[in-house]
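Enquirer: Hey, dropping run-v8.tsv in here, TSV, C-alpha atoms:
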chain	number	residue	atom	x	y	z
I	262	MET	CA	6.55	4.36	-29.29
I	263	THR	CA	3.83	6.87	-28.39
I	264	LYS	CA	0.61	5.62	-26.89
I	265	ILE	CA	-2.71	7.08	-27.94
I	266	MET	CA	-4.57	8.40	-24.91
I	267	LYS	CA	-7.17	5.94	-23.79
I	268	LYS	CA	-9.39	5.74	-20.77
I	269	PRO	CA	-7.67	3.73	-18.02
I	270	GLU	CA	-9.53	1.23	-15.91
I	271	VAL	CA	-10.28	2.02	-12.29
I	272	LEU	CA	-9.07	-1.04	-10.37
I	273	ALA	CA	-10.41	-1.48	-6.84
I	274	PRO	CA	-9.57	-3.87	-4.01
I	275	ALA	CA	-12.02	-6.56	-2.93
I	276	GLY	CA	-11.25	-8.41	0.28
I	277	ASN	CA	-14.44	-10.47	0.07
I	278	LEU	CA	-17.49	-11.03	-2.12
I	279	GLU	CA	-19.48	-8.17	-0.58
I	280	LYS	CA	-16.64	-5.72	-1.26
I	281	LEU	CA	-16.30	-7.01	-4.82
I	282	LYS	CA	-19.92	-6.24	-5.55
I	283	ILE	CA	-19.76	-2.84	-3.84
I	284	ALA	CA	-16.60	-1.83	-5.73
I	285	ILE	CA	-18.21	-2.64	-9.08
I	286	ARG	CA	-21.51	-0.99	-8.18
I	287	TYR	CA	-19.57	2.16	-7.22
I	288	GLY	CA	-17.70	2.43	-10.49
I	289	ALA	CA	-14.73	0.06	-10.59
I	290	ASP	CA	-13.93	-1.36	-14.02
I	291	ALA	CA	-12.05	-4.22	-12.38
I	292	VAL	CA	-11.29	-5.64	-8.96
I	293	TYR	CA	-8.38	-7.63	-7.59
I	294	ILE	CA	-8.94	-10.35	-5.02
I	295	GLY	CA	-6.98	-13.07	-3.23
I	296	GLY	CA	-7.44	-16.81	-3.29
I	297	GLN	CA	-6.75	-19.10	-0.38
I	298	ALA	CA	-3.17	-19.74	-1.48
I	299	PHE	CA	-0.14	-18.02	-3.01
I	300	GLY	CA	-1.14	-14.47	-2.01
I	301	LEU	CA	0.19	-11.77	0.34
I	302	ARG	CA	-2.94	-10.96	2.36
I	303	SER	CA	-3.56	-14.01	4.52
I	304	ARG	CA	-6.04	-12.06	6.68
I	305	ALA	CA	-8.00	-10.35	3.91
I	306	GLY	CA	-11.04	-12.65	3.86
I	307	ASN	CA	-9.76	-14.45	0.78
I	308	PHE	CA	-12.04	-16.10	-1.77
I	309	THR	CA	-12.92	-19.75	-2.12
I	310	PHE	CA	-13.27	-21.05	-5.67
I	311	GLU	CA	-17.05	-20.99	-5.24
I	312	GLU	CA	-16.94	-17.33	-4.18
I	313	MET	CA	-14.70	-16.57	-7.14
I	314	GLU	CA	-17.30	-18.10	-9.46
I	315	GLN	CA	-19.97	-15.86	-7.94
I	316	GLY	CA	-17.71	-12.82	-8.15
I	317	VAL	CA	-16.77	-13.45	-11.78
I	318	ALA	CA	-20.41	-13.96	-12.76
I	319	PHE	CA	-21.38	-10.69	-11.03
I	320	ALA	CA	-18.47	-8.77	-12.56
I	321	HIS	CA	-18.78	-10.09	-16.11
I	322	ALA	CA	-22.51	-9.38	-16.15
I	323	ARG	CA	-21.54	-5.73	-15.59
I	324	ASN	CA	-18.60	-5.66	-18.02
I	325	ALA	CA	-16.07	-5.65	-15.19
I	326	LYS	CA	-13.01	-7.84	-14.68
I	327	VAL	CA	-11.62	-9.88	-11.79
I	328	TYR	CA	-7.91	-10.39	-11.16
I	329	VAL	CA	-6.41	-12.71	-8.55
I	330	ALA	CA	-3.25	-11.77	-6.64
I	331	ALA	CA	-0.88	-14.73	-6.28
I	332	ASN	CA	2.15	-12.59	-5.57
I	333	MET	CA	3.97	-14.40	-2.78
I	334	VAL	CA	7.73	-15.02	-2.87
I	335	ALA	CA	7.92	-18.81	-3.13
I	336	HIS	CA	10.33	-20.78	-0.96
I	337	ALA	CA	11.09	-24.49	-1.36
I	338	GLY	CA	7.81	-26.39	-1.33
I	339	ASP	CA	5.63	-23.29	-1.68
I	340	THR	CA	4.81	-23.97	-5.33
I	341	GLU	CA	3.14	-27.29	-4.60
I	342	GLY	CA	-0.38	-27.28	-6.01
I	343	ALA	CA	0.18	-24.08	-8.00
I	344	GLY	CA	-0.63	-25.70	-11.35
I	345	GLU	CA	-4.01	-26.94	-10.12
I	346	PHE	CA	-4.68	-23.55	-8.52
I	347	PHE	CA	-4.00	-21.62	-11.72
I	348	ARG	CA	-6.04	-24.05	-13.82
I	349	ALA	CA	-8.97	-23.58	-11.47
I	350	LEU	CA	-8.71	-19.80	-11.85
I	351	ARG	CA	-8.64	-20.11	-15.64
I	352	ASP	CA	-11.65	-22.42	-15.70
I	353	ILE	CA	-13.61	-20.14	-13.37
I	354	GLY	CA	-13.06	-17.27	-15.81
I	355	ILE	CA	-10.63	-15.12	-13.83
I	356	ASP	CA	-9.36	-12.39	-16.19
I	357	ALA	CA	-5.73	-12.42	-15.04
I	358	VAL	CA	-3.48	-13.53	-12.22
I	359	ILE	CA	-1.01	-11.11	-10.58
I	360	VAL	CA	2.32	-12.86	-9.87
I	361	SER	CA	5.83	-11.81	-8.84
I	362	ASP	CA	7.75	-15.08	-8.48
I	363	PRO	CA	9.28	-16.38	-11.75
I	364	ALA	CA	8.66	-19.99	-10.68
I	365	LEU	CA	4.95	-19.34	-10.25
I	366	ILE	CA	4.83	-17.43	-13.54
I	367	SER	CA	6.45	-20.40	-15.31
I	368	ILE	CA	4.02	-22.85	-13.69
I	369	CYS	CA	1.04	-20.71	-14.69
I	370	PHE	CA	2.06	-20.59	-18.34
I	371	ALA	CA	2.84	-24.31	-18.41
I	372	ASP	CA	-0.17	-25.63	-16.49
I	373	ALA	CA	-2.87	-23.03	-17.19
I	374	PRO	CA	-2.40	-21.82	-20.78
I	375	GLY	CA	-4.83	-19.09	-21.64
I	376	LEU	CA	-4.78	-17.45	-18.20
I	377	PRO	CA	-3.21	-13.98	-18.61
I	378	VAL	CA	-0.40	-13.10	-16.18
I	379	HIS	CA	0.27	-9.62	-14.79
I	380	LEU	CA	3.55	-8.87	-13.03
I	381	SER	CA	3.10	-7.80	-9.40
I	382	THR	CA	4.54	-4.58	-8.01
I	383	GLN	CA	6.61	-6.84	-5.73
I	384	ALA	CA	8.86	-7.51	-8.74
I	385	SER	CA	10.05	-3.86	-8.77
I	386	ALA	CA	9.64	-3.03	-12.46
I	387	THR	CA	11.09	0.47	-12.83
I	388	ASN	CA	12.16	0.85	-16.49
I	389	TYR	CA	10.96	0.04	-20.00
I	390	LYS	CA	13.61	-2.60	-20.63
I	391	THR	CA	12.26	-4.58	-17.71
I	392	LEU	CA	8.76	-4.36	-19.21
I	393	GLU	CA	10.11	-5.51	-22.56
I	394	PHE	CA	11.79	-8.46	-20.84
I	395	TRP	CA	8.54	-9.56	-19.25
I	396	LYS	CA	6.71	-9.05	-22.53
I	397	LYS	CA	9.04	-11.61	-24.10
I	398	GLN	CA	8.13	-14.03	-21.30
I	399	GLY	CA	4.47	-13.68	-22.28
I	400	LEU	CA	3.17	-11.12	-19.77
I	401	GLU	CA	0.79	-8.48	-21.10
I	402	ARG	CA	0.70	-6.13	-18.09
I	403	VAL	CA	3.17	-4.96	-15.45
I	404	VAL	CA	2.20	-3.38	-12.13
I	405	LEU	CA	4.89	-0.73	-11.78
I	406	ALA	CA	7.03	-0.42	-8.67
I	407	ARG	CA	5.68	2.23	-6.33
I	408	GLU	CA	9.10	3.90	-6.40
I	409	VAL	CA	8.74	4.92	-10.07
I	410	SER	CA	8.49	8.65	-10.79
I	411	MET	CA	6.05	10.29	-13.17
I	412	GLN	CA	8.90	11.13	-15.52
I	413	GLU	CA	9.95	7.48	-15.59
I	414	ILE	CA	6.37	6.38	-16.28
I	415	GLN	CA	6.20	8.77	-19.21
I	416	GLU	CA	9.41	7.32	-20.64
I	417	ILE	CA	8.17	3.76	-20.15
I	418	GLY	CA	4.91	4.65	-21.89
I	419	GLU	CA	6.78	6.11	-24.86
I	420	LYS	CA	9.10	3.12	-25.33
I	421	THR	CA	6.93	0.05	-24.79
I	422	ASP	CA	3.40	-1.10	-25.50
I	423	VAL	CA	3.20	-3.35	-22.44
I	424	GLU	CA	0.19	-2.39	-20.33
I	425	MET	CA	1.10	-0.35	-17.26
I	426	GLU	CA	-0.72	-0.55	-13.96
I	427	ALA	CA	0.12	1.90	-11.17
I	428	PHE	CA	-1.08	2.44	-7.62
I	429	ILE	CA	-2.88	5.75	-7.21
I	430	HIS	CA	-4.39	5.55	-3.72
I	431	GLY	CA	-3.96	3.83	-0.38
I	432	ALA	CA	-1.37	2.61	2.07
I	433	MET	CA	2.30	2.58	1.12
I	434	CYS	CA	4.90	0.15	2.41
I	435	ILE	CA	7.94	1.74	4.05
I	436	SER	CA	10.13	-0.93	2.46
I	437	TYR	CA	11.20	-1.03	-1.19
I	438	SER	CA	8.37	-2.53	-3.26
I	439	GLY	CA	7.00	-4.24	-0.18
I	440	ARG	CA	9.94	-6.58	0.20
I	441	CYS	CA	10.34	-6.42	3.96
I	442	THR	CA	11.71	-8.81	6.61
I	443	LEU	CA	10.90	-6.67	9.66
I	444	SER	CA	7.77	-8.70	10.35
I	445	ASN	CA	9.82	-11.91	10.14
I	446	HIS	CA	12.20	-10.57	12.79
I	447	MET	CA	9.63	-8.95	15.09
I	448	ALA	CA	6.76	-11.45	14.91
I	449	ASN	CA	8.11	-14.50	13.08
I	450	ARG	CA	5.59	-13.82	10.31
I	451	ASP	CA	6.90	-13.75	6.74
I	452	ALA	CA	5.60	-10.65	4.97
I	453	ASN	CA	6.59	-12.02	1.57
I	454	ARG	CA	4.54	-15.16	2.10
I	455	GLY	CA	1.36	-13.46	3.29
I	456	GLY	CA	1.94	-12.95	6.99
I	457	CYS	CA	2.96	-9.29	7.42
I	458	ALA	CA	2.36	-8.07	10.99
I	459	GLN	CA	2.84	-4.43	9.90
I	460	SER	CA	5.68	-3.98	12.38
I	461	CYS	CA	6.58	-0.64	10.77
I	462	ARG	CA	3.29	0.80	12.03
I	463	TRP	CA	3.89	-0.19	15.63
I	464	LYS	CA	4.77	2.54	18.13
I	465	TYR	CA	8.37	2.61	19.34
I	466	ASP	CA	10.65	4.50	21.66
I	467	LEU	CA	13.66	5.83	19.77
I	468	PHE	CA	17.06	5.74	21.49
I	469	GLU	CA	20.43	7.25	20.75
I	470	ILE	CA	23.51	5.65	22.32
I	471	ASP	CA	26.41	8.01	23.08
I	472	ASN	CA	29.50	6.60	24.82
I	473	GLY	CA	27.48	3.67	26.08
I	474	VAL	CA	24.71	5.87	27.49
I	475	SER	CA	21.26	5.57	25.91
I	476	LYS	CA	18.94	8.54	25.58
I	477	ASN	CA	15.29	8.36	24.58
I	478	LEU	CA	14.74	10.85	21.75
I	479	VAL	CA	10.96	10.69	22.06
I	480	ASP	CA	9.67	13.15	24.65
I	481	SER	CA	7.02	11.89	27.03
I	482	ASP	CA	4.46	14.35	25.65
I	483	GLU	CA	5.07	13.31	22.01
I	484	GLU	CA	3.61	10.52	19.93
I	485	PRO	CA	5.79	7.36	19.97
I	486	PHE	CA	8.03	6.86	16.95
I	487	SER	CA	6.96	4.68	14.01
I	488	MET	CA	8.54	3.81	10.66
I	489	SER	CA	5.23	4.13	8.87
I	490	ALA	CA	4.60	6.01	5.63
I	491	VAL	CA	1.63	8.24	4.97
I	492	ASP	CA	-0.95	7.12	2.41
I	493	LEU	CA	-0.86	7.74	-1.33
I	494	SER	CA	-3.41	9.88	-3.17
I	495	MET	CA	-3.21	10.94	-6.81
I	496	ILE	CA	-6.72	12.37	-7.09
I	497	LYS	CA	-5.34	15.79	-8.11
I	498	TYR	CA	-3.13	14.31	-10.80
I	499	ILE	CA	-5.35	12.01	-12.83
I	500	PRO	CA	-4.53	13.93	-16.05
I	501	ASP	CA	-0.83	13.15	-15.56
I	502	MET	CA	-1.53	9.44	-15.11
I	503	VAL	CA	-3.77	9.27	-18.18
I	504	ASP	CA	-1.44	11.33	-20.37
I	505	ALA	CA	1.51	9.14	-19.35
I	506	GLY	CA	-0.33	6.13	-20.76
I	507	VAL	CA	-1.12	4.27	-17.54
I	508	ASP	CA	-3.66	1.60	-18.44
I	509	SER	CA	-4.91	0.73	-14.97
I	510	LEU	CA	-5.26	2.96	-11.91
I	511	LYS	CA	-4.99	0.77	-8.83
I	512	ILE	CA	-6.46	1.46	-5.40
I	513	GLU	CA	-4.88	-0.28	-2.41
I	514	GLY	CA	-6.94	-1.75	0.42
I	515	ARG	CA	-8.21	-5.35	0.30
I	516	MET	CA	-8.57	-5.24	4.09
I	517	LYS	CA	-10.44	-1.92	4.12
I	518	SER	CA	-14.20	-1.52	4.72
I	519	ILE	CA	-17.00	-1.24	2.17
I	520	HIS	CA	-17.27	2.40	3.25
I	521	TYR	CA	-13.69	2.92	2.05
I	522	VAL	CA	-14.05	0.88	-1.14
I	523	SER	CA	-17.30	2.55	-2.19
I	524	THR	CA	-16.07	6.08	-1.51
I	525	VAL	CA	-12.64	5.80	-3.13
I	526	ALA	CA	-13.84	3.87	-6.20
I	527	SER	CA	-16.62	6.41	-6.73
I	528	VAL	CA	-14.31	9.42	-6.43
I	529	TYR	CA	-11.72	8.13	-8.89
I	530	ARG	CA	-14.48	7.01	-11.26
I	531	ARG	CA	-15.77	10.58	-11.39
I	532	ALA	CA	-12.33	12.09	-11.90
I	533	VAL	CA	-11.33	9.69	-14.68
I	534	ASP	CA	-14.66	10.09	-16.46
I	535	ALA	CA	-14.48	13.89	-16.26
I	536	TYR	CA	-10.96	14.13	-17.66
I	537	CYS	CA	-11.38	11.58	-20.43
I	538	ALA	CA	-14.67	13.11	-21.55
I	539	ASP	CA	-13.16	16.57	-22.10
I	540	PRO	CA	-9.40	16.86	-21.38
I	541	GLU	CA	-9.10	20.46	-22.58
I	542	ASN	CA	-11.80	21.79	-20.27
I	543	TYR	CA	-11.13	19.49	-17.32
I	544	VAL	CA	-11.18	21.15	-13.91
I	545	PHE	CA	-10.30	19.37	-10.68
I	546	ASP	CA	-13.20	19.36	-8.22
I	547	PRO	CA	-12.04	19.98	-4.61
I	548	ALA	CA	-15.10	18.04	-3.44
I	549	TRP	CA	-13.41	14.84	-4.65
I	550	GLU	CA	-10.55	15.29	-2.21
I	551	GLU	CA	-12.98	16.18	0.56
I	552	GLU	CA	-14.76	12.87	-0.09
I	553	LEU	CA	-11.50	10.94	0.26
I	554	TRP	CA	-10.82	12.56	3.62
I	555	LYS	CA	-14.05	11.04	4.90
I	556	VAL	CA	-12.38	7.62	4.76
I	557	ALA	CA	-8.69	8.61	5.07
I	558	GLN	CA	-6.86	7.04	7.99
I	559	ARG	CA	-3.56	8.84	7.56
I	560	GLU	CA	-2.19	11.93	5.88
I	561	LEU	CA	-1.97	11.84	2.09
I	562	SER	CA	0.91	12.44	-0.32
I	563	THR	CA	1.95	11.74	-3.92
I	564	GLY	CA	4.59	9.21	-2.89
I	565	PHE	CA	7.50	8.95	-5.35
I	566	PHE	CA	5.68	10.38	-8.36
I	567	TYR	CA	7.05	13.93	-8.20
I	568	LYS	CA	9.90	13.89	-5.67
I	569	GLU	CA	11.85	11.70	-3.29
I	570	PRO	CA	9.78	11.32	-0.12
I	571	THR	CA	11.17	12.97	3.02
I	572	GLU	CA	10.26	12.87	6.70
I	573	ASP	CA	7.16	14.85	5.71
I	574	GLU	CA	5.84	11.69	4.06
I	575	GLN	CA	6.30	9.63	7.23
I	576	LEU	CA	4.03	9.45	10.26
I	577	PHE	CA	6.09	11.34	12.80
I	578	GLY	CA	4.40	13.11	15.68
I	579	LYS	CA	0.71	13.66	16.15
I	580	THR	CA	-1.76	13.03	13.35
I	581	ARG	CA	-2.73	16.31	11.72
I	582	LYS	CA	-5.96	15.02	10.21
I	583	ILE	CA	-8.31	12.32	11.39
I	584	PRO	CA	-11.22	10.50	9.74
I	585	GLN	CA	-14.27	12.71	9.70
I	586	TYR	CA	-17.07	10.23	9.09
I	587	ALA	CA	-18.19	6.79	10.26
I	588	PHE	CA	-20.17	4.33	8.13
I	589	ALA	CA	-23.60	4.20	9.79
I	590	ALA	CA	-26.01	2.17	7.62
I	591	GLN	CA	-26.78	0.60	4.26
I	592	VAL	CA	-30.04	1.16	2.38
I	593	LEU	CA	-32.03	-2.04	1.84
I	594	GLU	CA	-35.26	-0.60	0.41
I	595	TYR	CA	-36.97	2.70	-0.36
I	596	ASP	CA	-40.70	3.39	-0.55
I	597	GLU	CA	-41.39	6.15	-3.07
I	598	GLU	CA	-44.89	6.82	-1.71
I	599	THR	CA	-44.02	7.19	1.96
I	600	LYS	CA	-40.43	8.37	1.34
I	601	ILE	CA	-39.29	5.94	4.02
I	602	ALA	CA	-36.03	4.01	3.70
I	603	THR	CA	-35.31	0.63	5.25
I	604	LEU	CA	-31.73	0.48	6.54
I	605	GLN	CA	-29.31	-2.05	7.95
I	606	GLN	CA	-27.39	-0.46	10.81
I	607	ARG	CA	-23.57	-0.59	10.76
I	608	ASN	CA	-22.71	1.99	13.47
I	609	ASN	CA	-24.63	3.57	16.33
I	610	PHE	CA	-26.66	6.64	15.34
I	611	GLY	CA	-29.80	8.36	16.59
I	612	VAL	CA	-32.49	11.01	16.31
I	613	GLY	CA	-31.15	14.55	16.04
I	614	GLU	CA	-27.86	13.62	14.37
I	615	GLU	CA	-26.88	14.94	10.97
I	616	ILE	CA	-26.19	12.13	8.53
I	617	GLU	CA	-25.24	11.87	4.87
I	618	PHE	CA	-26.44	9.51	2.14
I	619	TYR	CA	-24.43	8.69	-0.97
I	620	GLY	CA	-24.76	6.12	-3.73
I	621	PRO	CA	-23.29	4.84	-7.00
I	622	GLY	CA	-22.82	7.87	-9.24
I	623	ASP	CA	-24.59	10.08	-6.69
I	624	THR	CA	-22.70	12.68	-4.67
I	625	GLY	CA	-25.36	12.42	-2.00
I	626	PHE	CA	-27.15	14.70	0.43
I	627	LYS	CA	-27.24	15.55	4.13
I	628	GLN	CA	-30.17	15.62	6.49
I	629	VAL	CA	-31.03	15.33	10.17
I	630	VAL	CA	-32.50	12.09	11.52
I	631	LYS	CA	-36.03	13.07	12.58
I	632	VAL	CA	-37.52	9.74	13.61
I	633	LEU	CA	-36.57	6.05	13.69
I	634	TRP	CA	-38.57	2.84	13.86
I	635	ASN	CA	-37.31	-0.63	14.68
I	636	GLU	CA	-38.26	-3.83	12.87
I	637	ASP	CA	-41.47	-4.11	14.90
I	638	GLY	CA	-42.57	-0.60	13.92
I	639	GLU	CA	-41.80	0.84	17.36
I	640	GLU	CA	-40.40	4.34	17.55
I	641	ILE	CA	-36.84	4.44	18.93
I	642	ASP	CA	-34.34	7.18	19.74
I	643	ARG	CA	-31.23	5.33	18.61
I	644	ALA	CA	-30.11	2.38	16.50
I	645	PRO	CA	-27.54	0.85	18.87
I	646	ASN	CA	-27.41	-2.79	17.76
I	647	ALA	CA	-25.10	-3.94	14.98
I	648	MET	CA	-26.86	-5.03	11.77
I	649	MET	CA	-30.32	-4.22	13.13
I	650	THR	CA	-33.02	-3.26	10.61
I	651	ILE	CA	-34.56	0.17	11.02
I	652	LYS	CA	-36.77	2.55	9.05
I	653	MET	CA	-36.56	6.33	8.73
I	654	PRO	CA	-37.97	9.07	6.48
I	655	VAL	CA	-35.45	10.53	4.03
I	656	ASP	CA	-35.42	13.94	2.38
I	657	LYS	CA	-34.53	12.66	-1.09
I	658	PRO	CA	-34.97	9.35	-2.92
I	659	VAL	CA	-32.38	6.65	-2.23
I	660	LYS	CA	-31.84	3.17	-3.62
I	661	PRO	CA	-30.64	-0.20	-2.37
I	662	PHE	CA	-26.85	-0.18	-1.82
I	663	TYR	CA	-26.81	3.52	-0.99
I	664	PHE	CA	-24.80	4.11	2.17
I	665	MET	CA	-25.34	6.41	5.12
I	666	ARG	CA	-22.53	7.91	7.17
I	667	LYS	CA	-22.31	10.36	10.04
I	668	LYS	CA	-19.77	12.87	11.21
I	669	LYS	CA	-17.73	11.67	14.14
Would you kindly transcribe this structure into structure tokens?

Expert:
Amino acid sequence: MTKIMKKPEVLAPAGNLEKLKIAIRYGADAVYIGGQAFGLRSRAGNFTFEEMEQGVAFAHARNAKVYVAANMVAHAGDTEGAGEFFRALRDIGIDAVIVSDPALISICFADAPGLPVHLSTQASATNYKTLEFWKKQGLERVVLAREVSMQEIQEIGEKTDVEMEAFIHGAMCISYSGRCTLSNHMANRDANRGGCAQSCRWKYDLFEIDNGVSKNLVDSDEEPFSMSAVDLSMIKYIPDMVDAGVDSLKIEGRMKSIHYVSTVASVYRRAVDAYCADPENYVFDPAWEEELWKVAQRELSTGFFYKEPTEDEQLFGKTRKIPQYAFAAQVLEYDEETKIATLQQRNNFGVGEEIEFYGPGDTGFKQVVKVLWNEDGEEIDRAPNAMMTIKMPVDKPVKPFYFMRKKK
């Protein structure tokens, strides 16, 4: 069964209502959020039903979709109230719910008919027969396991018409499909019920025991050992994802900043648009990868897509690249006559520093801060106070929701 190439959706994370709106403004076709129950990101600023209503109204007005992650592994008693929860999502207008637990899937179909269900990556779908199984249960989309190779995705795409969603960017779990109990052991927080303490990213000494004698394998001048994986980035390989028939390109990061969400959504939007508009003449733009490094926290790799990860895909030793830019301000207004922008400060910056503006669909521009005024119109050298309102002249026109960042 060969799929006709179609343009995949760019699916961005939204940890709160502000991030939802930013993700959509910066090019996301859809966002995924968490409710206040049944999810795996208990600290992600999850949405109330009222906030979901606002988010759905904002998204649908812009032809975008909203999905809700309810992907916890349910223990005895954990499914209580699930029927009411899913009905509320359906009535709000949520476009689909992302679930991994069969009990929750069954409850959703029984108690909230009409609400589409997508299978979470936590369910480890790695072959087309698995997708066909879930299709028979009534699911229309499967979020593939992160351990699936590109070759396997191509085979799945050829043999089933179930929609495929795949992660293309962001943090990767060191455990298989995120099913980890390390946090349970180390911090008494159940990762599979929303409480992951990210124990794999802690810093450890590493010991070898030989004949009862322990030896620390981490030298004093080296970085402490961690079990953490590097981040995923498929920006160079969008043609492979599209040609394989992936329907949704998913960005990780519901707990990341609006600086991250806006930058990553914008970059992948540009790459997808460029390839789908003219596949034969498509050329990868190195500037896209440079943009991603402005918000990258760790090194980047292609995960399992092209090879089995090795120690080179783990965070051993000192970090070889660090974030280059800090989010400095958001544009509130722009006066075309005076060419002065009104900004809301997000990080300390001042006169004489080089900064960079960027916006939805706009690759941006750099300039030096020449002068600043505070809310009272007084000239100041720096904007040191969080969320303060300032004004400054800009070299080119900007718009509300443009962002300003500075090199660290």

Enquirer: Which neighbours of Gly418 of chain I fall inside 10 Å, counting all atoms listed in the file, when residues of the same chain fewer than 5 positions from it are skipped, and could you give them as a PDB file with C-alpha atoms, keeping the file's coordinate frame?

Expert:
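Result file selection_12.pdb:
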ATOM      1  CA  MET I 262       6.550   4.360 -29.290  1.00  0.00           C
ATOM      2  CA  THR I 263       3.830   6.870 -28.390  1.00  0.00           C
ATOM      3  CA  LYS I 264       0.610   5.620 -26.890  1.00  0.00           C
ATOM      4  CA  ASN I 388      12.160   0.850 -16.490  1.00  0.00           C
ATOM      5  CA  TYR I 389      10.960   0.040 -20.000  1.00  0.00           C
ATOM      6  CA  GLN I 412       8.900  11.130 -15.520  1.00  0.00           C
ATOM      7  CA  GLU I 413       9.950   7.480 -15.590  1.00  0.00           C
ATOM      8  CA  VAL I 423       3.200  -3.350 -22.440  1.00  0.00           C
ATOM      9  CA  GLU I 424       0.190  -2.390 -20.330  1.00  0.00           C
ATOM     10  CA  MET I 425       1.100  -0.350 -17.260  1.00  0.00           C
ATOM     11  CA  ASP I 504      -1.440  11.330 -20.370  1.00  0.00           C
ATOM     12  CA  ALA I 505       1.510   9.140 -19.350  1.00  0.00           C
ATOM     13  CA  GLY I 506      -0.330   6.130 -20.760  1.00  0.00           C
ATOM     14  CA  VAL I 507      -1.120   4.270 -17.540  1.00  0.00           C
ATOM     15  CA  ASP I 508      -3.660   1.600 -18.440  1.00  0.00           C
TER      16      ASP I 508
END

Enquirer: Would you give me, as a Markdown table, each residue of segment 578-619 of chain I having an atom within 9 Å of an atom of segment 517-526 of chain I, along with its shortest atom pair and that distance in Å to one decimal, using all atoms listed in the file and sorting by chain and residue number?

Expert:
| residue | atom | partner | partner_atom | distance |
| --- | --- | --- | --- | --- |
| I:Ala587 | CA | I:His520 | CA | 8.3 |
| I:Phe588 | CA | I:His520 | CA | 6.0 |
| I:Tyr619 | CA | I:Thr524 | CA | 8.8 |

Enquirer: Residues within 10 Å of Lys627 of chain I, please, as a PyMOL selection string. Count all atoms listed in the file; anything in the same chain fewer than 6 positions from it doesn't count.

Expert: chain I and resi 615-619+655-657+665-667

Enquirer: Which polymer residues have any atom within 6 Å of an atom of Tyr287 of chain I, counting only C-alpha atoms, with same-chain residues fewer than 2 positions away left out, as a list in words?

Expert: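 Non-adjacent residues within range: Ala284, Ile285, Ser523, Ser527 and Pro621 of chain I.
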
Enquirer: Counting all atoms listed in the file, what are the residues of segment 289-341 of chain I within 7 Å of segment 358-375 of chain I, and for each of them which pair of atoms is the nearest and at what distance in Å, to one decimal? Sort the table by chain and rising number, as CSV.

Expert:
residue,atom,partner,partner_atom,distance
I:Tyr328,CA,I:Val358,CA,5.5
I:Val329,CA,I:Val358,CA,4.8
I:Ala330,CA,I:Ile359,CA,4.6
I:Ala331,CA,I:Val360,CA,5.2
I:Asn332,CA,I:Val360,CA,4.3
I:Met333,CA,I:Ser361,CA,6.8
I:Val334,CA,I:Asp362,CA,5.6
I:Ala335,CA,I:Asp362,CA,6.5
I:Thr340,CA,I:Leu365,CA,6.8

Enquirer: Using C-alpha atoms, can you write the selected residues to a file as a compact mmCIF listing (two decimals), in the coordinates of the input?

Expert:
# COMPACT_ATOMS: atom_id res chain seq x y z
CA TYR I 328 -7.91 -10.39 -11.16
CA VAL I 329 -6.41 -12.71 -8.55
CA ALA I 330 -3.25 -11.77 -6.64
CA ALA I 331 -0.88 -14.73 -6.28
CA ASN I 332 2.15 -12.59 -5.57
CA MET I 333 3.97 -14.40 -2.78
CA VAL I 334 7.73 -15.02 -2.87
CA ALA I 335 7.92 -18.81 -3.13
CA THR I 340 4.81 -23.97 -5.33

Enquirer: What separation in Å, quoted to one decimal, exists between atom CA of Asn449 of chain I and atom CA of Trp463 of chain I?

Expert: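 It comes out at 15.1 Å.
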
Enquirer: My list of candidates is I:Glu541, I:Glu469, I:Glu416, I:Glu550. Which is closest to Met495 of chain I when distances are computed with only C-alpha atoms?

Expert: I:Glu550

Enquirer: Write out as a short mmCIF file (atom, residue, chain, number, x, y, z; two decimals) with C-alpha atoms, keeping the file's coordinate frame which residues come within 10 Å of Leu281 of chain I when counting only C-alpha atoms, dropping same-chain ones fewer than 2 positions away.

Expert:
data_model
loop_
_atom_site.label_atom_id
_atom_site.label_comp_id
_atom_site.auth_asym_id
_atom_site.auth_seq_id
_atom_site.Cartn_x
_atom_site.Cartn_y
_atom_site.Cartn_z
CA ALA I 273 -10.41 -1.48 -6.84
CA PRO I 274 -9.57 -3.87 -4.01
CA ALA I 275 -12.02 -6.56 -2.93
CA GLY I 276 -11.25 -8.41 0.28
CA ASN I 277 -14.44 -10.47 0.07
CA LEU I 278 -17.49 -11.03 -2.12
CA GLU I 279 -19.48 -8.17 -0.58
CA ILE I 283 -19.76 -2.84 -3.84
CA ALA I 284 -16.60 -1.83 -5.73
CA ILE I 285 -18.21 -2.64 -9.08
CA ARG I 286 -21.51 -0.99 -8.18
CA ALA I 289 -14.73 0.06 -10.59
CA ALA I 291 -12.05 -4.22 -12.38
CA VAL I 292 -11.29 -5.64 -8.96
CA TYR I 293 -8.38 -7.63 -7.59
CA ILE I 294 -8.94 -10.35 -5.02
CA MET I 313 -14.70 -16.57 -7.14
CA GLY I 316 -17.71 -12.82 -8.15
CA VAL I 317 -16.77 -13.45 -11.78
CA PHE I 319 -21.38 -10.69 -11.03
CA ALA I 320 -18.47 -8.77 -12.56
CA VAL I 327 -11.62 -9.88 -11.79
CA ARG I 515 -8.21 -5.35 0.30
CA ILE I 519 -17.00 -1.24 2.17
CA VAL I 522 -14.05 0.88 -1.14
CA SER I 523 -17.30 2.55 -2.19
#

Enquirer: Could you check the closest approach to Val592 of chain I for each of I:Arg348, I:Lys555, I:Lys652, I:Lys631 and tell me which residue wins, using all atoms listed in the file?

Expert: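 Checking each candidate against Val592 of chain I, we get I:Lys652 as the closest.
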